[in-house]
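work-v9.csv (CSV, C-alpha atoms) appears below.
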```
chain,number,residue,atom,x,y,z
A,234,MET,CA,106.6,128.8,65.2
A,235,ASP,CA,106.3,128.0,61.5
A,236,SER,CA,102.7,127.2,60.4
A,237,LYS,CA,103.8,123.9,58.7
A,238,PHE,CA,104.5,122.5,62.2
A,239,ILE,CA,101.3,123.7,64.0
A,240,ILE,CA,98.8,121.3,62.2
A,241,PRO,CA,101.0,118.1,62.7
A,242,LEU,CA,101.6,119.0,66.4
A,243,ALA,CA,97.8,119.6,66.9
A,244,ILE,CA,97.1,116.2,65.4
A,245,VAL,CA,99.7,114.5,67.6
A,246,ALA,CA,98.3,116.3,70.7
A,247,LEU,CA,94.7,115.2,69.9
A,248,ALA,CA,95.7,111.6,69.2
A,249,ALA,CA,97.5,111.5,72.6
A,250,ILE,CA,94.5,112.9,74.4
A,251,PHE,CA,92.2,110.4,72.6
A,252,ALA,CA,94.5,107.4,73.5
A,253,VAL,CA,94.8,108.4,77.1
A,254,GLY,CA,91.0,108.7,77.3
A,255,LEU,CA,90.4,105.3,75.8
A,256,PHE,CA,92.9,103.7,78.1
A,257,SER,CA,91.3,105.2,81.2
A,258,VAL,CA,87.8,104.2,80.1
A,259,LYS,CA,88.9,100.6,79.6
A,260,ASN,CA,90.6,100.4,83.0
A,261,VAL,CA,87.5,101.8,84.8
A,262,GLU,CA,85.2,99.3,83.0
A,263,ALA,CA,87.5,96.4,83.7
A,264,ALA,CA,87.7,97.3,87.4
A,265,ALA,CA,84.1,98.0,88.1
A,266,GLY,CA,81.8,96.9,85.3
A,267,PRO,CA,80.5,94.4,82.8
A,268,GLY,CA,83.8,94.3,80.9
A,269,GLN,CA,85.1,91.6,83.3
A,270,CYS,CA,82.4,89.2,82.1
A,271,GLY,CA,82.8,89.4,78.3
A,272,GLY,CA,79.9,91.2,76.7
A,273,GLY,CA,78.2,91.9,80.0
A,274,VAL,CA,77.4,88.3,81.0
A,275,CYS,CA,79.2,86.4,83.7
A,276,PRO,CA,79.6,82.6,84.0
A,277,LEU,CA,78.6,80.8,87.2
A,278,VAL,CA,79.8,77.2,87.6
A,279,VAL,CA,78.6,74.9,90.4
A,280,TYR,CA,80.5,71.8,91.4
A,281,LYS,CA,79.4,69.1,93.8
A,282,GLY,CA,81.7,67.7,96.4
A,283,GLY,CA,81.7,65.0,99.0
A,284,SER,CA,79.3,62.2,98.2
A,285,GLN,CA,77.7,64.4,95.5
A,286,ASN,CA,74.3,63.1,96.7
A,287,GLY,CA,72.2,66.2,96.1
A,288,THR,CA,71.2,68.9,93.7
A,289,VAL,CA,71.8,72.7,93.4
A,290,THR,CA,69.3,74.9,91.7
A,291,SER,CA,69.3,78.6,91.0
A,292,ASN,CA,66.9,81.5,91.0
A,293,PRO,CA,66.7,83.0,88.4
A,294,ALA,CA,66.5,79.7,86.7
A,295,GLY,CA,69.5,78.3,84.7
A,296,ILE,CA,71.3,75.9,87.1
A,297,ASN,CA,69.8,72.5,88.0
A,298,CYS,CA,72.9,70.6,89.1
A,299,GLY,CA,72.3,67.3,88.8
A,300,SER,CA,72.8,67.7,85.1
A,301,ASP,CA,73.2,71.5,84.3
A,302,CYS,CA,75.8,73.0,86.5
A,303,SER,CA,76.7,76.2,84.7
A,304,GLU,CA,74.9,79.3,83.4
A,305,TRP,CA,75.7,82.8,82.1
A,306,TYR,CA,73.9,85.7,83.9
A,307,ASP,CA,73.8,89.3,83.1
A,308,TRP,CA,76.3,91.4,84.9
A,309,GLY,CA,74.9,92.6,88.3
A,310,THR,CA,72.2,89.8,88.5
A,311,GLN,CA,71.5,88.5,92.0
A,312,VAL,CA,71.5,84.7,91.9
A,313,ILE,CA,70.3,82.6,94.8
A,314,LEU,CA,71.6,79.0,94.9
A,315,THR,CA,69.8,76.4,96.9
A,316,ALA,CA,71.5,73.1,97.8
A,317,THR,CA,69.1,70.1,98.4
A,318,PRO,CA,70.5,66.8,99.7
A,319,ALA,CA,69.2,63.6,98.4
A,320,PRO,CA,67.0,61.5,100.8
A,321,GLY,CA,69.2,60.0,103.5
A,322,HIS,CA,72.1,62.5,102.9
A,323,THR,CA,73.0,65.9,104.3
A,324,PHE,CA,74.3,69.1,102.9
A,325,THR,CA,77.7,69.9,104.6
A,326,GLY,CA,78.5,73.3,103.2
A,327,TRP,CA,79.8,75.6,100.4
A,328,SER,CA,83.2,76.6,99.3
A,329,GLY,CA,84.5,79.0,96.7
A,330,ALA,CA,82.2,82.0,95.9
A,331,CYS,CA,79.7,80.7,98.5
A,332,THR,CA,80.7,79.9,102.0
A,333,GLY,CA,79.0,78.5,105.1
A,334,THR,CA,76.5,75.8,105.8
A,335,ASN,CA,73.2,77.5,105.1
A,336,THR,CA,71.5,75.7,102.2
A,337,GLN,CA,71.0,79.0,100.3
A,338,CYS,CA,73.7,81.3,99.0
A,339,THR,CA,73.2,84.7,97.4
A,340,LEU,CA,75.7,85.8,94.8
A,341,PHE,CA,75.9,89.1,92.7
A,342,MET,CA,77.3,88.4,89.3
A,343,THR,CA,80.0,91.1,89.0
A,344,ALA,CA,82.7,88.7,87.9
A,345,PRO,CA,83.0,85.0,86.8
A,346,LYS,CA,82.3,82.8,89.8
A,347,SER,CA,82.4,79.2,90.8
A,348,THR,CA,81.3,77.4,94.0
A,349,THR,CA,81.2,73.9,95.4
A,350,ALA,CA,78.3,72.4,97.3
A,351,SER,CA,79.3,69.4,99.4
A,352,PHE,CA,77.0,66.6,100.5
A,353,ASN,CA,77.5,63.4,102.6
```

Represent the structure contained in this file as structure tokens.
Amino acid sequence: MDSKFIIPLAIVALAAIFAVGLFSVKNVEAAAGPGQCGGGVCPLVVYKGGSQNGTVTSNPAGINCGSDCSEWYDWGTQVILTATPAPGHTFTGWSGACTGTNTQCTLFMTAPKSTTASFN
């Protein structure tokens, strides 16, 4: 092979290897890591359903829904939501990222999430 073709072929081969490597790294990050959440932080949004007579708080702090129903958490953070009905009302259950009728729900922030706490 003529030497004037070796260098351009080597450059093309290296560029192809580099491109495949970048593509693979981005796919792995999107499938299993902080890339899903934009900069390594994930949004959590809480809605209130039913009569809406109650509040939802979070641990770690950030959500106090009444008034503040969304927060951004670092990827992988464990967030415990607690639903508290207003006096004379009851908590009827979760839907969305949380399910069931226990007043507490534990989420791991590995993707954007939303949930609804219903009261009557």

Name all residues at most 8 Å from Cys331 (chain A) (count only C-alpha atoms; drop same-chain ones fewer than 6 positions away) and give them as a PyMOL selection string. chain A and resi 338-340+348-349

Kindly give the distance, in Å, that separates CA of Val278 (chain A) and CA of Gln337 (chain A), rounded to a single decimal. 15.6 Å

Out of A:Gly329, A:Val312, A:Met342, A:Glu304, which residue has the shortest atom-to-atom distance to Gly273 (chain A) when counting only C-alpha atoms?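 Once distances to Gly273 (chain A) are computed over only C-alpha atoms, the minimum belongs to A:Met342.
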
Step by step: start from the point (78.5, 75.8, 96.1) in the file's coordinates, keep every protein, DNA or RNA residue that has an atom no farther than 8 Å from it, count all atoms listed in the file, and write the set as a PyMOL selection string. chain A and resi 279-281+289+314+316+326-332+338+347-351

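When all atoms listed in the file are used to compute distances to Ser303 (chain A), the closest of the residues A:Ser284, A:Phe324, A:Ser291, A:Cys270 turns out to be A:Ser291.
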
Which residues are near Phe341 (chain A)? Cut-off 7 Å, only C-alpha atoms, ignore same chain within fewer than 6 positions. Put them as a PyMOL selection string. chain A and resi 309-312

What is the distance between CA of Phe352 (chain A) and CA of Gly283 (chain A), in Å to one decimal? 5.2 Å

At what distance in Å, to one decimal, does CA of Gln269 (chain A) lie from CA of Asn335 (chain A)?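 Separating CA of Asn335 (chain A) from CA of Gln269 (chain A) is a distance of 28.6 Å.
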
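Proximity of A:Ser300, A:Thr343, A:Thr334, A:Thr325 to Leu277 (chain A), computed with only C-alpha atoms, is greatest for A:Thr343.
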
Please rebuild region 303-330 of chain A with N, CA and C atoms and return the result as a short mmCIF file (atom, residue, chain, number, x, y, z; two decimals), in the coordinates of the input.
```
data_model
loop_
_atom_site.label_atom_id
_atom_site.label_comp_id
_atom_site.auth_asym_id
_atom_site.auth_seq_id
_atom_site.Cartn_x
_atom_site.Cartn_y
_atom_site.Cartn_z
N SER A 303 76.14 74.88 85.05
CA SER A 303 76.70 76.20 84.70
C SER A 303 75.68 77.03 83.97
N GLU A 304 75.85 78.34 84.09
CA GLU A 304 74.90 79.30 83.40
C GLU A 304 75.64 80.61 83.28
N TRP A 305 75.21 81.38 82.30
CA TRP A 305 75.70 82.80 82.10
C TRP A 305 74.56 83.69 82.56
N TYR A 306 74.91 84.67 83.40
CA TYR A 306 73.90 85.70 83.90
C TYR A 306 74.40 87.05 83.54
N ASP A 307 73.44 87.94 83.32
CA ASP A 307 73.80 89.30 83.10
C ASP A 307 74.56 89.91 84.22
N TRP A 308 75.48 90.79 83.90
CA TRP A 308 76.30 91.40 84.90
C TRP A 308 75.38 92.13 85.93
N GLY A 309 75.66 91.94 87.21
CA GLY A 309 74.90 92.60 88.30
C GLY A 309 73.71 91.76 88.78
N THR A 310 73.38 90.66 88.11
CA THR A 310 72.20 89.80 88.50
C THR A 310 72.46 89.21 89.88
N GLN A 311 71.43 89.24 90.72
CA GLN A 311 71.50 88.50 92.00
C GLN A 311 71.02 87.08 91.71
N VAL A 312 71.84 86.12 92.10
CA VAL A 312 71.50 84.70 91.90
C VAL A 312 71.50 84.03 93.27
N ILE A 313 70.40 83.34 93.56
CA ILE A 313 70.30 82.60 94.80
C ILE A 313 70.42 81.09 94.45
N LEU A 314 71.43 80.46 95.03
CA LEU A 314 71.60 79.00 94.90
C LEU A 314 71.05 78.30 96.06
N THR A 315 70.39 77.18 95.79
CA THR A 315 69.80 76.40 96.90
C THR A 315 70.33 74.93 96.72
N ALA A 316 70.95 74.43 97.79
CA ALA A 316 71.50 73.10 97.80
C ALA A 316 70.42 72.18 98.51
N THR A 317 70.07 71.07 97.87
CA THR A 317 69.10 70.10 98.40
C THR A 317 69.69 68.74 98.44
N PRO A 318 69.92 68.19 99.64
CA PRO A 318 70.50 66.80 99.70
C PRO A 318 69.48 65.79 99.26
N ALA A 319 69.99 64.70 98.72
CA ALA A 319 69.20 63.60 98.40
C ALA A 319 68.66 62.91 99.65
N PRO A 320 67.54 62.18 99.60
CA PRO A 320 67.00 61.50 100.80
C PRO A 320 68.12 60.62 101.44
N GLY A 321 68.24 60.76 102.76
CA GLY A 321 69.20 60.00 103.50
C GLY A 321 70.62 60.62 103.53
N HIS A 322 70.76 61.80 102.92
CA HIS A 322 72.10 62.50 102.90
C HIS A 322 71.90 63.89 103.47
N THR A 323 73.02 64.55 103.73
CA THR A 323 73.00 65.90 104.30
C THR A 323 73.86 66.82 103.47
N PHE A 324 73.51 68.10 103.51
CA PHE A 324 74.30 69.10 102.90
C PHE A 324 75.35 69.55 103.97
N THR A 325 76.64 69.57 103.60
CA THR A 325 77.70 69.90 104.60
C THR A 325 78.28 71.28 104.45
N GLY A 326 78.05 71.95 103.31
CA GLY A 326 78.50 73.30 103.20
C GLY A 326 79.00 73.71 101.80
N TRP A 327 79.29 75.01 101.69
CA TRP A 327 79.80 75.60 100.40
C TRP A 327 81.24 75.95 100.56
N SER A 328 81.90 76.00 99.42
CA SER A 328 83.20 76.60 99.30
C SER A 328 83.34 77.32 98.00
N GLY A 329 84.32 78.20 97.90
CA GLY A 329 84.50 79.00 96.70
C GLY A 329 83.72 80.33 96.86
N ALA A 330 82.93 80.72 95.85
CA ALA A 330 82.20 82.00 95.90
C ALA A 330 81.17 82.01 97.01
#
```
